[in-house]
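K.L.:
Next up is a structure, given as structure tokens.
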Amino acid sequence: MTVHDLLPILTALIPLPTFIAFALIILFFNKWKRVSHSIAIGAMLLAFLMAQVVFWSVIAPDGHELAEHPLHVQIPWLPSGAEALEMGVLIDPLGAFVLFFVSITCLCIFVYSVGYMSEGGKHYDPRYSRFFAYISLFATGMLGLTVADNLLMLFIFWEIMGLCSYLLIGFWWEKNYPDPKQVNPRQAGLKAFMTTRVGDVIMLLGIAYLYSATGTLSFRELLSAETLGILKEMPSYIPGLSAAALAGLLLFGGTVGKSAQFPLHVWLPDAMEGPTPVSAMIHAATMVSAGVYMAVRMFPLLQVGFDIHHGAQLTTPMIVMALIGTFSAFMAATIAVAQDDIKRVLAYSTISQLAYMVAALGIGAYVAAAFHLIAHAFFKALLFLGSGSIIVGSHHEQDMMKMGGLFKRMPVTAITFIVGGLSLSGFPLFFAGFWSKDEILAVAYHAGFNEGIVLAVVVYVFLALGALLTAFYTGRQICLTFLGQPRSDHAAHAHEVSWTVYVPLIALALFAVFFGYIGIPEVFPLLGGEHSNLFHHFVGATLGTETLHQLPHPEQLDLLPFVLSFLISPLGLLAGYLVYGRKPLQAGQPDPLVKALGPLYPVLKNKYYVDELYDAVFIQPAIKLAKWVYKWVDRWFIDGILHNVARGAFGLGHLNRRFDLAVINGGVDRMTDGIKWLAQNGRQVLQTGQVQHYLLQVLFFLCGFGVLYVWGDAILAFIQRLLGI
Amino acid sequence: MDFIHTHLLTLILFIPLVGAGLIALLPREQGKLIKWAALLISLLPLALSIVMVVNFRPEAPGFQFPDQALWFPQIGSSYHVGVDGISVAMVLLTTLLTPLALLISFSIEEDVRAFFALFLMLEGGMLGVFVSLDLILFFLFWEIGLVPMYFLINRWGSKKGEREIWAGIKVPSRTYAAFKFMIYTMVGSLGLLLAIQVIGVVAGAAQNEPAMFDIVRLYEFWPNFTGTLFGLPISTIKTIGFWLFAIAFSVKVPVWPFHTWLPDAHTEAPTAGSMILAGVLLKLGAYGFLRLVLPLFPDQAAAAAGVFAVLGLAAAVVGGLAALGQDDFKRLVAYSSVGHMGFVVLGIAVAAKAMGGGVDAADAVIATNGAVLQMFNHGLSAAAMFALVGMVYERAHTRDLKAFGGLGVVVPAYGGVLLFCTLASLGLPGLNGFVSEFMVFRGAWPVFTLVTALATLGLIFTAAYLLWTIQKVLLGPLNETWRDMKEINAREAVAIVPLMALMLLIGVWPSWLINIFNAAVMRLLG
């Protein structure tokens, strides 16, 4: 057995250590806080090492070898009939990279959590151990999802993450806010679970559909050219849609929920009620990325029938993805501009950035979406952890309007946060976010203006505008937080928390800068070259050369998007600086945007009132309907029928009783009276005391016996015949 | 040893019944002795069931561990028992849940002897239904199970509450519930008995016997029996028989809209009674469909499949909505049974449709497997949920969800267990409920596409009302009334942990259980 044979088994074991850690902490070590975090971090470290071994063993300049011969092992899991659904693990180029970033970000966040949840060792959270148990289970979910070789297994781990998300958002579930309209943690957890559940059941239908249509859920078999060919030709239940398109749309429902895309985006901002490491790990770096990851994974299905070189139209799922992605990206960016809570800005930014990936997939920019997925995970985790450091350092202040002047007080946090912010806004050349976002915009431009796909033009325009907004709100956030003078006592007394908090920040900051360099487009002046786009060559191979070739990919540099991508980010940041940095706000001074945006500001501040709309249209009616169904359908209608039947029977019984009293009881009484009368009077008839009467009776009976003696058998037979015996 | 092997089912079946008699002979005031004796007696069938599962050969055709004896030759009925994979799963569920329910009942103080004797009798009745291979025997046990449950609800049920029936007449809730349960089932039974007699006599007449009630022989004969009798086409008799059977079993499942006895009975029954009601008694109905209705009336079942699919959908969605509208913890859990059994009905509807042909075999098999697994899974999770509701009721003496809040702080272990079981109930992947729901969905999708798509609403409502319940009971600021609430104790933990272990085991590794009945399901569907 060679090392390569052992790798699939090693891969299968990756999710295990953290699960054991979860079980150990929940069952035995709930009371020992330090033991708990040691177990969790130890397990995560082990999983990290295993993941890195796998990653570095399979990485190569070209991914074709791995794409054709991925690490793969499976066992039968769900028998039914003569067949069985198999579960297993699969590492192909895409999976390898996802495993790489997931293991790194998770490990960073585990370490960070020690500092965060104990406020630098000073004040341990009462449920400190449980926190580590939950995030261990979460890591199991994410690692398991990454290595899954089939849709059902992916879905299982997907939902386990959903559970962890629910548990961790509502982690401080006693908390109530003075303002009843403000969503408290337990409501936020419920909202997150329910909203994503809507997407999940749609996805489950897609899985059921694919399984019944093809008899398999394994990625390798499902996404093979042969199966896709069948699905493309197979009609679905909806006229005009192929089975591939309908299944793809249903699966995409899962992405919309999990990656918080419009119209199911409402849960993510409220998910910020959870502890910040949770926001970083689950609601920025990993779980929400899982939605996009699934779409990337299933992309061959979503794009089946699309071939840019033969002028084919975008497929229905692609059109839907492009529209939803573009809309979400732009809408969330506008909302982020008007938020004052440091974490909510980042939450809307997450929705917006995930939407870039979705939109990218919609126009066929497969590799760009995957690249942005990973780059985003690094810099967004960094930003969230930075914001957490700020929050703990400034005594649980989350309102940016009450911050200011933190640069001097928290230098490490400030520098790493700014690195993350520049990466998010796509600051040219030095930051990962630039390379990944630039690639999406470049492909969108190419597809729209060179290949003539109209929708791609719309995508390009709105994503570019979104990028400008992104840079603006990032600049706003940095200026409000770090520049000027503190606007509250909390901010005035802010300080760095502990090494466990800022070491992960530094590690993530390095990735937020350098990760971009493995994805420099070949056509980029000076830096680009034949081998500069390693990521494209490696991860793109997952699709197979043929499919990849059918997607839009710029062969030469387009000047306009090139220039724009250098201008957008600096311009947006500059605008942010001009409004908020040049003359920093004073305490109590209103946001200059309030005046500048006029009536638009409250709309943005209130997130276009979507929450209010859902409450009025879905939630309240559902609750009313539930009460109504119970009261009127079950109690009034169905039970009413039963009661009336019972009442009828009861009434009949009463009638019967009357009959009994009058006829039967009365009759019996009369009969007994009659017998009594007969007995009394009959005695006088029979027992007259006269001998001749007695002799007459003897004669009568003798005759009777005589008849029976002679014809007895015949009479018996007659009676038997009569009774039918 | 040999005796045990040749009469395994008879032993499993009669140990509880004989045990009930023995318990009744113990001195009334020896409460502790009675409880332990009943528990020990109930462990014997469990042990024997495990022997049965181990020795069961899923691939072998026909019924295994058969036992037959002369019983009522005058009417052509014999004592004939035997199991296939589906019944094995149900027997295991019954013998597993009974000891756990008895353990939960250790807190009963009123008339202990009668309670435990009736409970064992109940177990015997349910087991009898699952192992009977004779229609008369089947009916006998079907009715035997009814009697103890009536008394359990009426005598040991919840003392509070009244229910208005009509014209302002009010009766105690538990009397109402017990009566409704009894009469409703009896009405169904009446038709069942009539249909059984018709089948037995007609089949017997055709074979020149007094009557034929043997299920194995009827499997061979009845579905292919055509012609006329007394000028009546056999197909008409079959249609009438089908509906009589179907209605009897629909009341028991319960299929929406025959379900309204369920929330009343489950809510008013003592904890252990609710555990068994939801855990096993509902399965009798679904089992009746699989054991009798589908094999004996394949064509009629196929014709009515669409009706049952829609009723399954109604149960999942309307039942889910009704659960959402509850403020009473126990009634909410009771309604959740309606919704969960809706998925069983949907799976059975696919199987029924397949009996008429035109359904892909793989779809029908996976849906039916899903239905059987869902029966087992619901048995575990419903029993656990009722046990947990019972625990909190014993401590707080209220079931009003609005009266709780923040219990997660005072009783964290209880909270963890409740959360676990709730998640299993709402079908979280990794736990048991998901596997069966997925199988039903997978099998039903190509057959009843629209119904399946709409049934997902049921999944959403289920998640909503269960998580809402968690929120109202465990989360939020602590209601100070419950500051001193006692944590789950060792006895309760012992009763609930096996259920949790099985939920996890089935969720992670379902094939051990599915393999028991997969072959039987395949044979059922031909």
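Ordered as shown in the structure tokens, chains take letters A, B, and onward, while each chain numbers its residues from 1 and ligands are numbered from 1 in the order shown.
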From a backbone DSSP assignment, name each residue in region 154-402 of chain B labelled strand (DSSP E or B), as number ranges by chain.

P.N.:
B: 162-164, 170-172, 214, 228-229, 232-233, 328, 400

K.L.:
The selected residues should be written to file as a short mmCIF file (atom, residue, chain, number, x, y, z; two decimals), in the first residue's frame (atoms: all heavy atoms).

P.N.:
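Output saved as selection.cif:
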data_model
loop_
_atom_site.label_atom_id
_atom_site.label_comp_id
_atom_site.auth_asym_id
_atom_site.auth_seq_id
_atom_site.Cartn_x
_atom_site.Cartn_y
_atom_site.Cartn_z
N GLU B 162 -61.75 20.19 31.29
CA GLU B 162 -63.06 19.70 30.91
C GLU B 162 -63.25 19.96 29.44
O GLU B 162 -62.61 20.83 28.87
CB GLU B 162 -64.15 20.44 31.70
CG GLU B 162 -64.30 19.95 33.09
CD GLU B 162 -65.53 20.54 33.75
OE1 GLU B 162 -65.87 21.68 33.40
OE2 GLU B 162 -66.16 19.87 34.58
N ARG B 163 -64.13 19.22 28.83
CA ARG B 163 -64.38 19.43 27.42
C ARG B 163 -65.88 19.52 27.20
O ARG B 163 -66.62 18.64 27.66
CB ARG B 163 -63.78 18.25 26.64
CG ARG B 163 -63.99 18.30 25.16
CD ARG B 163 -63.01 19.25 24.48
NE ARG B 163 -63.40 19.43 23.10
CZ ARG B 163 -62.77 18.87 22.07
NH1 ARG B 163 -61.71 18.14 22.28
NH2 ARG B 163 -63.20 19.06 20.85
N GLU B 164 -66.27 20.60 26.54
CA GLU B 164 -67.69 20.74 26.25
C GLU B 164 -68.04 19.89 25.04
O GLU B 164 -67.35 19.94 24.02
CB GLU B 164 -68.03 22.20 25.96
CG GLU B 164 -69.51 22.39 25.78
CD GLU B 164 -69.88 23.81 25.41
OE1 GLU B 164 -69.20 24.74 25.84
OE2 GLU B 164 -70.88 23.97 24.68
N LYS B 170 -70.61 19.39 29.86
CA LYS B 170 -69.16 19.25 29.98
C LYS B 170 -68.81 17.93 30.62
O LYS B 170 -69.50 17.47 31.54
CB LYS B 170 -68.58 20.39 30.80
CG LYS B 170 -68.53 21.68 30.03
CD LYS B 170 -67.86 22.77 30.83
CE LYS B 170 -67.77 24.04 30.00
NZ LYS B 170 -67.53 25.21 30.80
N VAL B 171 -67.73 17.33 30.12
CA VAL B 171 -67.24 16.09 30.72
C VAL B 171 -65.76 16.27 31.01
O VAL B 171 -65.11 17.09 30.37
CB VAL B 171 -67.44 14.87 29.79
CG1 VAL B 171 -68.90 14.51 29.66
CG2 VAL B 171 -66.83 15.13 28.43
N PRO B 172 -65.24 15.52 31.97
CA PRO B 172 -63.79 15.61 32.22
C PRO B 172 -63.03 15.27 30.95
O PRO B 172 -63.42 14.35 30.22
CB PRO B 172 -63.54 14.57 33.31
CG PRO B 172 -64.86 14.34 33.94
CD PRO B 172 -65.90 14.59 32.89
N ASP B 214 -56.52 -17.69 7.07
CA ASP B 214 -55.06 -17.71 7.14
C ASP B 214 -54.46 -16.70 6.16
O ASP B 214 -54.70 -16.77 4.95
CB ASP B 214 -54.56 -19.12 6.84
CG ASP B 214 -53.11 -19.26 7.25
OD1 ASP B 214 -52.87 -19.64 8.41
OD2 ASP B 214 -52.23 -18.93 6.43
N THR B 228 -68.14 -14.31 -9.66
CA THR B 228 -69.28 -13.71 -8.97
C THR B 228 -69.71 -14.60 -7.82
O THR B 228 -69.39 -15.78 -7.78
CB THR B 228 -70.48 -13.54 -9.91
OG1 THR B 228 -70.77 -14.83 -10.48
CG2 THR B 228 -70.21 -12.55 -11.01
N LEU B 229 -70.40 -14.03 -6.89
CA LEU B 229 -70.90 -14.79 -5.76
C LEU B 229 -72.27 -14.22 -5.41
O LEU B 229 -72.41 -13.02 -5.21
CB LEU B 229 -69.94 -14.63 -4.58
CG LEU B 229 -70.14 -15.65 -3.47
CD1 LEU B 229 -69.44 -16.94 -3.81
CD2 LEU B 229 -69.63 -15.09 -2.17
N LEU B 232 -73.18 -11.31 -7.10
CA LEU B 232 -72.39 -10.09 -6.86
C LEU B 232 -70.99 -10.32 -7.42
O LEU B 232 -70.36 -11.32 -7.09
CB LEU B 232 -72.31 -9.85 -5.35
CG LEU B 232 -72.36 -8.42 -4.87
CD1 LEU B 232 -73.65 -7.74 -5.27
CD2 LEU B 232 -72.17 -8.40 -3.37
N PRO B 233 -70.47 -9.40 -8.25
CA PRO B 233 -69.10 -9.61 -8.72
C PRO B 233 -68.13 -9.55 -7.54
O PRO B 233 -68.29 -8.72 -6.64
CB PRO B 233 -68.86 -8.45 -9.69
CG PRO B 233 -70.14 -7.73 -9.82
CD PRO B 233 -71.07 -8.18 -8.75
N ASP B 328 -50.30 24.32 24.28
CA ASP B 328 -50.13 23.23 25.23
C ASP B 328 -48.99 22.34 24.70
O ASP B 328 -49.06 21.82 23.59
CB ASP B 328 -51.45 22.45 25.31
CG ASP B 328 -51.37 21.28 26.25
OD1 ASP B 328 -50.28 20.69 26.38
OD2 ASP B 328 -52.41 20.94 26.86
N ASP B 400 -48.45 24.55 29.84
CA ASP B 400 -48.65 25.76 29.08
C ASP B 400 -47.30 26.32 28.64
O ASP B 400 -46.48 26.70 29.48
CB ASP B 400 -49.40 26.77 29.94
CG ASP B 400 -49.76 28.01 29.14
OD1 ASP B 400 -49.39 28.06 27.94
OD2 ASP B 400 -50.40 28.90 29.71
#

K.L.:
Any idea which chain A residues end up within 7 Å of chain B if we count only C-alpha atoms, as a JSON list (two decimals) with N, CA, C and O atoms, in the first residue's frame please?

P.N.:
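Once everything was written out, this is iface29.json:
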[["chain", "number", "residue", "atom", "x", "y", "z"],
["A", 77, "TRP", "N", -24.26, 2.95, 1.96],
["A", 77, "TRP", "CA", -24.79, 3.58, 3.17],
["A", 77, "TRP", "C", -26.29, 3.38, 3.31],
["A", 77, "TRP", "O", -26.79, 3.02, 4.36],
["A", 78, "LEU", "N", -27.01, 3.63, 2.23],
["A", 78, "LEU", "CA", -28.47, 3.57, 2.31],
["A", 78, "LEU", "C", -28.98, 2.52, 1.33],
["A", 78, "LEU", "O", -29.17, 2.80, 0.16],
["A", 79, "PRO", "N", -29.19, 1.28, 1.82],
["A", 79, "PRO", "CA", -29.68, 0.25, 0.91],
["A", 79, "PRO", "C", -31.16, 0.45, 0.64],
["A", 79, "PRO", "O", -31.90, 0.88, 1.52],
["A", 80, "SER", "N", -31.57, 0.18, -0.58],
["A", 80, "SER", "CA", -33.01, 0.17, -0.87],
["A", 80, "SER", "C", -33.18, -0.62, -2.15],
["A", 80, "SER", "O", -32.56, -0.30, -3.16],
["A", 81, "GLY", "N", -34.01, -1.63, -2.09],
["A", 81, "GLY", "CA", -34.12, -2.51, -3.23],
["A", 81, "GLY", "C", -32.79, -3.21, -3.42],
["A", 81, "GLY", "O", -32.10, -3.56, -2.45],
["A", 156, "ILE", "N", -26.17, 16.56, 4.35],
["A", 156, "ILE", "CA", -26.15, 16.19, 5.78],
["A", 156, "ILE", "C", -25.23, 17.13, 6.55],
["A", 156, "ILE", "O", -25.62, 17.72, 7.57],
["A", 159, "GLU", "N", -26.58, 20.70, 6.78],
["A", 159, "GLU", "CA", -27.59, 20.92, 7.81],
["A", 159, "GLU", "C", -26.99, 20.88, 9.21],
["A", 159, "GLU", "O", -27.47, 21.57, 10.11],
["A", 160, "ILE", "N", -25.95, 20.07, 9.38],
["A", 160, "ILE", "CA", -25.29, 20.07, 10.70],
["A", 160, "ILE", "C", -24.70, 21.45, 10.96],
["A", 160, "ILE", "O", -24.79, 21.99, 12.07],
["A", 173, "TRP", "N", -28.65, 33.24, 24.84],
["A", 173, "TRP", "CA", -30.09, 33.23, 24.63],
["A", 173, "TRP", "C", -30.91, 33.84, 25.73],
["A", 173, "TRP", "O", -32.11, 33.97, 25.61],
["A", 174, "GLU", "N", -30.27, 34.24, 26.82],
["A", 174, "GLU", "CA", -31.07, 34.93, 27.84],
["A", 174, "GLU", "C", -31.29, 36.39, 27.48],
["A", 174, "GLU", "O", -32.17, 37.05, 28.01],
["A", 175, "LYS", "N", -30.42, 36.88, 26.60],
["A", 175, "LYS", "CA", -30.35, 38.31, 26.35],
["A", 175, "LYS", "C", -31.67, 38.88, 25.83],
["A", 175, "LYS", "O", -32.25, 38.35, 24.90],
["A", 190, "LEU", "N", -33.38, 31.47, 15.57],
["A", 190, "LEU", "CA", -34.57, 30.86, 14.99],
["A", 190, "LEU", "C", -34.79, 31.35, 13.56],
["A", 190, "LEU", "O", -35.07, 30.57, 12.65],
["A", 194, "MET", "N", -34.87, 29.02, 10.27],
["A", 194, "MET", "CA", -36.09, 28.91, 9.47],
["A", 194, "MET", "C", -35.89, 29.44, 8.06],
["A", 194, "MET", "O", -36.40, 28.86, 7.09],
["A", 197, "ARG", "N", -33.93, 27.07, 6.17],
["A", 197, "ARG", "CA", -34.71, 25.84, 5.99],
["A", 197, "ARG", "C", -35.55, 25.91, 4.71],
["A", 197, "ARG", "O", -35.74, 24.92, 4.02],
["A", 198, "VAL", "N", -36.06, 27.11, 4.43],
["A", 198, "VAL", "CA", -36.85, 27.27, 3.22],
["A", 198, "VAL", "C", -36.00, 26.89, 2.00],
["A", 198, "VAL", "O", -36.42, 26.11, 1.14],
["A", 201, "VAL", "N", -35.20, 22.91, 2.01],
["A", 201, "VAL", "CA", -36.18, 21.91, 1.55],
["A", 201, "VAL", "C", -36.30, 21.96, 0.03],
["A", 201, "VAL", "O", -36.52, 20.93, -0.61],
["A", 208, "ALA", "N", -33.69, 14.92, -4.39],
["A", 208, "ALA", "CA", -34.59, 13.79, -4.64],
["A", 208, "ALA", "C", -34.82, 13.64, -6.14],
["A", 208, "ALA", "O", -34.84, 12.53, -6.68],
["A", 209, "TYR", "N", -34.96, 14.76, -6.80],
["A", 209, "TYR", "CA", -35.21, 14.73, -8.25],
["A", 209, "TYR", "C", -34.02, 14.11, -8.98],
["A", 209, "TYR", "O", -34.18, 13.19, -9.80],
["A", 212, "SER", "N", -33.76, 10.41, -8.33],
["A", 212, "SER", "CA", -34.72, 9.56, -9.02],
["A", 212, "SER", "C", -34.48, 9.57, -10.53],
["A", 212, "SER", "O", -34.73, 8.58, -11.20],
["A", 623, "ILE", "N", -49.10, 32.33, 11.50],
["A", 623, "ILE", "CA", -49.51, 32.10, 12.89],
["A", 623, "ILE", "C", -51.02, 32.18, 13.01],
["A", 623, "ILE", "O", -51.65, 31.34, 13.66],
["A", 626, "ALA", "N", -52.56, 29.11, 11.55],
["A", 626, "ALA", "CA", -52.37, 27.95, 12.43],
["A", 626, "ALA", "C", -53.46, 27.91, 13.49],
["A", 626, "ALA", "O", -54.10, 26.89, 13.73],
["A", 627, "LYS", "N", -53.67, 29.08, 14.13],
["A", 627, "LYS", "CA", -54.71, 29.14, 15.17],
["A", 627, "LYS", "C", -56.08, 28.85, 14.56],
["A", 627, "LYS", "O", -56.92, 28.16, 15.15],
["A", 629, "VAL", "N", -56.80, 27.13, 11.82],
["A", 629, "VAL", "CA", -56.95, 25.71, 11.44],
["A", 629, "VAL", "C", -57.33, 24.88, 12.64],
["A", 629, "VAL", "O", -58.25, 24.07, 12.60],
["A", 630, "TYR", "N", -56.63, 25.13, 13.75],
["A", 630, "TYR", "CA", -56.92, 24.33, 14.94],
["A", 630, "TYR", "C", -58.34, 24.59, 15.42],
["A", 630, "TYR", "O", -59.11, 23.67, 15.69],
["A", 634, "ASP", "N", -60.22, 21.66, 12.97],
["A", 634, "ASP", "CA", -60.19, 20.47, 13.83],
["A", 634, "ASP", "C", -61.31, 20.50, 14.87],
["A", 634, "ASP", "O", -62.05, 19.55, 15.02],
["A", 639, "ASP", "N", -64.41, 17.81, 14.65],
["A", 639, "ASP", "CA", -64.99, 17.38, 15.92],
["A", 639, "ASP", "C", -66.49, 17.65, 15.96],
["A", 639, "ASP", "O", -67.25, 16.89, 16.56],
["A", 643, "HIS", "N", -69.18, 15.05, 17.04],
["A", 643, "HIS", "CA", -70.09, 15.29, 18.15],
["A", 643, "HIS", "C", -71.55, 15.16, 17.73],
["A", 643, "HIS", "O", -72.37, 14.64, 18.47]]

K.L.:
Please extract the residues of region 287-441 of chain A with a backbone DSSP assignment of alpha helix (DSSP H) and present them as an NGL selection string.

P.N.:
:A and (287-297 or 299-302 or 316-337 or 342-362 or 366-393 or 406-409 or 411-425 or 432-441)

K.L.:
Kindly export the residues of the current selection with C-alpha atoms, as a short mmCIF file (atom, residue, chain, number, x, y, z; two decimals), in the first residue's frame.

P.N.:
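Written out: again.cif:
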data_model
loop_
_atom_site.label_atom_id
_atom_site.label_comp_id
_atom_site.auth_asym_id
_atom_site.auth_seq_id
_atom_site.Cartn_x
_atom_site.Cartn_y
_atom_site.Cartn_z
CA MET A 287 -20.79 28.11 6.14
CA VAL A 288 -22.15 30.88 3.98
CA SER A 289 -19.44 30.02 1.47
CA ALA A 290 -20.80 26.49 1.45
CA GLY A 291 -23.81 27.69 -0.49
CA VAL A 292 -21.60 29.10 -3.22
CA TYR A 293 -19.31 26.09 -2.97
CA MET A 294 -22.26 23.82 -3.73
CA ALA A 295 -23.19 25.94 -6.73
CA VAL A 296 -19.57 25.82 -7.92
CA ARG A 297 -19.50 22.08 -7.34
CA PHE A 299 -21.77 24.10 -11.94
CA PRO A 300 -21.44 21.48 -14.70
CA LEU A 301 -25.13 20.70 -14.13
CA LEU A 302 -26.14 24.35 -13.95
CA THR A 316 -32.15 29.13 -17.15
CA PRO A 317 -30.28 28.45 -13.88
CA MET A 318 -27.46 30.69 -15.06
CA ILE A 319 -29.85 33.52 -15.87
CA VAL A 320 -31.46 33.18 -12.46
CA MET A 321 -28.07 33.14 -10.76
CA ALA A 322 -26.88 36.16 -12.69
CA LEU A 323 -30.01 38.14 -11.83
CA ILE A 324 -30.14 37.18 -8.17
CA GLY A 325 -26.41 37.63 -7.74
CA THR A 326 -26.31 41.03 -9.37
CA PHE A 327 -29.33 42.29 -7.49
CA SER A 328 -28.10 40.98 -4.13
CA ALA A 329 -24.61 42.36 -4.67
CA PHE A 330 -25.84 45.83 -5.39
CA MET A 331 -28.68 45.91 -2.89
CA ALA A 332 -26.57 44.67 0.03
CA ALA A 333 -23.82 47.15 -0.80
CA THR A 334 -26.30 50.03 -0.64
CA ILE A 335 -27.60 48.87 2.73
CA ALA A 336 -24.08 48.48 4.12
CA VAL A 337 -23.47 52.16 3.49
CA ILE A 342 -19.52 47.51 12.84
CA LYS A 343 -20.55 43.87 12.38
CA ARG A 344 -23.67 44.62 10.38
CA VAL A 345 -21.66 46.53 7.83
CA LEU A 346 -19.54 43.43 7.42
CA ALA A 347 -22.62 41.21 7.28
CA TYR A 348 -24.10 43.14 4.37
CA SER A 349 -20.71 43.21 2.76
CA THR A 350 -20.68 39.41 3.03
CA ILE A 351 -24.03 39.13 1.28
CA SER A 352 -22.75 41.45 -1.38
CA GLN A 353 -19.46 39.59 -1.93
CA LEU A 354 -21.14 36.18 -2.02
CA ALA A 355 -23.48 37.64 -4.58
CA TYR A 356 -20.46 38.52 -6.74
CA MET A 357 -19.63 34.84 -6.82
CA VAL A 358 -23.20 33.85 -7.63
CA ALA A 359 -23.37 36.44 -10.40
CA ALA A 360 -20.01 35.24 -11.69
CA LEU A 361 -21.32 31.70 -11.93
CA GLY A 362 -24.37 33.06 -13.71
CA TYR A 366 -16.44 29.43 -12.84
CA VAL A 367 -12.83 29.81 -11.82
CA ALA A 368 -13.24 33.45 -10.90
CA ALA A 369 -16.11 32.54 -8.57
CA ALA A 370 -14.05 29.84 -6.87
CA PHE A 371 -11.09 32.19 -6.57
CA HIS A 372 -13.14 34.97 -5.03
CA LEU A 373 -14.75 32.43 -2.71
CA ILE A 374 -11.39 31.60 -1.13
CA ALA A 375 -9.93 35.09 -1.16
CA HIS A 376 -13.11 36.41 0.42
CA ALA A 377 -12.97 33.77 3.12
CA PHE A 378 -9.54 34.97 4.18
CA PHE A 379 -10.14 38.69 4.18
CA LYS A 380 -13.66 38.52 5.56
CA ALA A 381 -12.60 36.25 8.41
CA LEU A 382 -9.84 38.75 9.06
CA LEU A 383 -12.27 41.67 9.10
CA PHE A 384 -14.70 39.94 11.42
CA LEU A 385 -11.98 38.86 13.82
CA GLY A 386 -10.65 42.39 13.70
CA SER A 387 -14.08 43.79 14.49
CA GLY A 388 -14.33 41.29 17.36
CA SER A 389 -10.99 42.46 18.68
CA ILE A 390 -12.29 46.02 18.52
CA ILE A 391 -15.52 45.06 20.26
CA VAL A 392 -13.84 43.27 23.16
CA GLY A 393 -11.04 45.84 23.32
CA LEU A 406 -8.65 53.34 17.93
CA PHE A 407 -5.59 53.28 15.69
CA LYS A 408 -3.32 54.41 18.47
CA ARG A 409 -4.95 52.24 21.09
CA PRO A 411 -2.36 49.19 16.49
CA VAL A 412 -2.13 45.50 15.53
CA THR A 413 -5.87 45.23 15.14
CA ALA A 414 -5.97 48.47 13.22
CA ILE A 415 -3.27 47.54 10.73
CA THR A 416 -4.62 44.06 10.07
CA PHE A 417 -8.17 45.41 9.81
CA ILE A 418 -7.08 47.98 7.27
CA VAL A 419 -5.31 45.26 5.30
CA GLY A 420 -8.55 43.29 5.30
CA GLY A 421 -10.53 46.38 4.33
CA LEU A 422 -8.25 47.15 1.40
CA SER A 423 -8.49 43.57 0.27
CA LEU A 424 -12.29 43.72 0.48
CA SER A 425 -12.43 46.91 -1.50
CA ALA A 432 -5.99 39.29 -2.80
CA GLY A 433 -9.39 40.93 -3.16
CA PHE A 434 -8.17 42.91 -6.11
CA TRP A 435 -7.15 39.87 -8.12
CA SER A 436 -10.26 37.87 -7.40
CA LYS A 437 -12.75 40.67 -7.94
CA ASP A 438 -10.89 41.91 -10.95
CA GLU A 439 -11.19 38.52 -12.56
CA ILE A 440 -14.95 38.44 -12.10
CA LEU A 441 -15.30 41.91 -13.58
#

K.L.:
Applying 12 Å and only C-alpha atoms, which residues near Leu543 (chain A) remain after dropping the ones on its own chain fewer than 2 positions away? List them as number ranges by chain.

P.N.:
A: 63-64, 66-68, 92-94, 219-220, 223-225, 296-301, 303-304, 364, 366-367, 536-541, 545-551

K.L.:
Between CA of Leu483 (chain A) and CA of His396 (chain A), what distance in Å does the model show, to one decimal?

P.N.:
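Distance between the two atoms: 18.9 Å.
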
K.L.:
For Leu102 (chain B), find every residue with an atom within 8 Å (counting only C-alpha atoms), except residues of its own chain fewer than 6 positions away, and show them as number ranges by chain.

P.N.:
B: 35, 38-39, 116, 119, 272

K.L.:
I want to know what sits within 12 Å of Leu140 (chain B), based on only C-alpha atoms, with residues of the same chain fewer than 4 positions away left out; could you give that as a PyMOL selection string?

P.N.:
chain B and resi 77+79+124-130+132-136+144-147+189+192-193+196

K.L.:
Would you list the contacts of His340 (chain B) as an NGL selection string, taking every protein, DNA or RNA residue within 9 Å and counting only C-alpha atoms, but skipping same-chain residues closer than 3 positions in sequence?

P.N.:
:B and (315-316 or 319-320 or 335-337 or 343-344 or 374-375 or 378 or 425 or 437 or 458 or 462)

K.L.:
Determine the nearest neighbour of Lys353 (chain B) from the options B:Ile15, B:Ala309, B:Val54, B:Leu281, counting only C-alpha atoms.

P.N.:
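Comparing B:Ile15, B:Ala309, B:Val54, B:Leu281 against Lys353 (chain B), the winner is B:Ala309.
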